[in-house]
Amino acid sequence: LQNEKNVLSSKGIIANEYMNLLYLLCSGKYSVINPTPFKQVIGHMRYTYLQNQQQDAHEFLLFLLDYLYKDLNQVKYFNLLIKNNFLLR
């Protein structure tokens, strides 16, 4: 998933890592999930989240939703990807 037109997006990095995390959570294959790759991707986009200090959940959610929107807005064939995704099976 990549939105090349939006220079403010993460070029699909956050969306892909978020989708990987959702897959791990919903697959039922694992009893324990380590979200470190997702946290590192988020931390590289905003250094505040790379640290191990407590952060505001509301601020993080706004950050995540904003980048997901920027990454997924105007992506060609997004509906086809969603239909083929495990979440809607």
# chains A, B, ... in the order shown; residues from 1 in each chain; ligands from 1
>>> residues_around(residues="Gly43 in chain A", least_positions_apart="2", cutoff="12 Å", atoms="only C-alpha atoms", output="PDB file with C-alpha atoms, in the first residue's frame")
ATOM      1  CA  SER A  10       4.823   7.525   5.293  1.00  0.00           C
ATOM      2  CA  ILE A  13       5.162   2.039   5.751  1.00  0.00           C
ATOM      3  CA  ILE A  14       2.809   2.692   8.679  1.00  0.00           C
ATOM      4  CA  THR A  36       8.174  -3.881  18.515  1.00  0.00           C
ATOM      5  CA  PRO A  37       8.317  -3.577  14.688  1.00  0.00           C
ATOM      6  CA  PHE A  38       5.155  -1.436  14.735  1.00  0.00           C
ATOM      7  CA  LYS A  39       6.523   0.699  17.569  1.00  0.00           C
ATOM      8  CA  GLN A  40       9.814   1.218  15.729  1.00  0.00           C
ATOM      9  CA  VAL A  41       8.062   2.317  12.542  1.00  0.00           C
ATOM     10  CA  MET A  45       7.998   8.907  12.021  1.00  0.00           C
ATOM     11  CA  ARG A  46       7.803  10.708  15.380  1.00  0.00           C
ATOM     12  CA  TYR A  47      10.751  10.392  17.737  1.00  0.00           C
ATOM     13  CA  THR A  48       8.565  10.938  20.805  1.00  0.00           C
ATOM     14  CA  TYR A  49       7.062   7.463  20.356  1.00  0.00           C
ATOM     15  CA  LEU A  50      10.451   5.760  20.012  1.00  0.00           C
ATOM     16  CA  GLN A  51      11.240   6.468  23.628  1.00  0.00           C
ATOM     17  CA  ASN A  52       9.958   4.255  26.433  1.00  0.00           C
ATOM     18  CA  GLN A  53       8.078   6.994  28.264  1.00  0.00           C
ATOM     19  CA  GLN A  55       2.521   9.001  25.958  1.00  0.00           C
ATOM     20  CA  PHE A  60      -1.122   8.704  19.521  1.00  0.00           C
ATOM     21  CA  PHE A  63      -1.223  10.510  14.866  1.00  0.00           C
ATOM     22  CA  LEU A  64      -1.932   6.928  13.755  1.00  0.00           C
TER      23      LEU A  64
END
>>> atom_distance(atom1="CA of Tyr67 in chain A", atom2="CA of Lys29 in chain A")
27.9 Å
>>> residues_around(residues="Ile33 in chain A", least_positions_apart="4", cutoff="10 Å", atoms="only C-alpha atoms", output="ChimeraX atom specification")
/A:21,24-25,29
>>> atom_distance(atom1="CA of Ala15 in chain A", atom2="CA of Leu68 in chain A")
5.6 Å
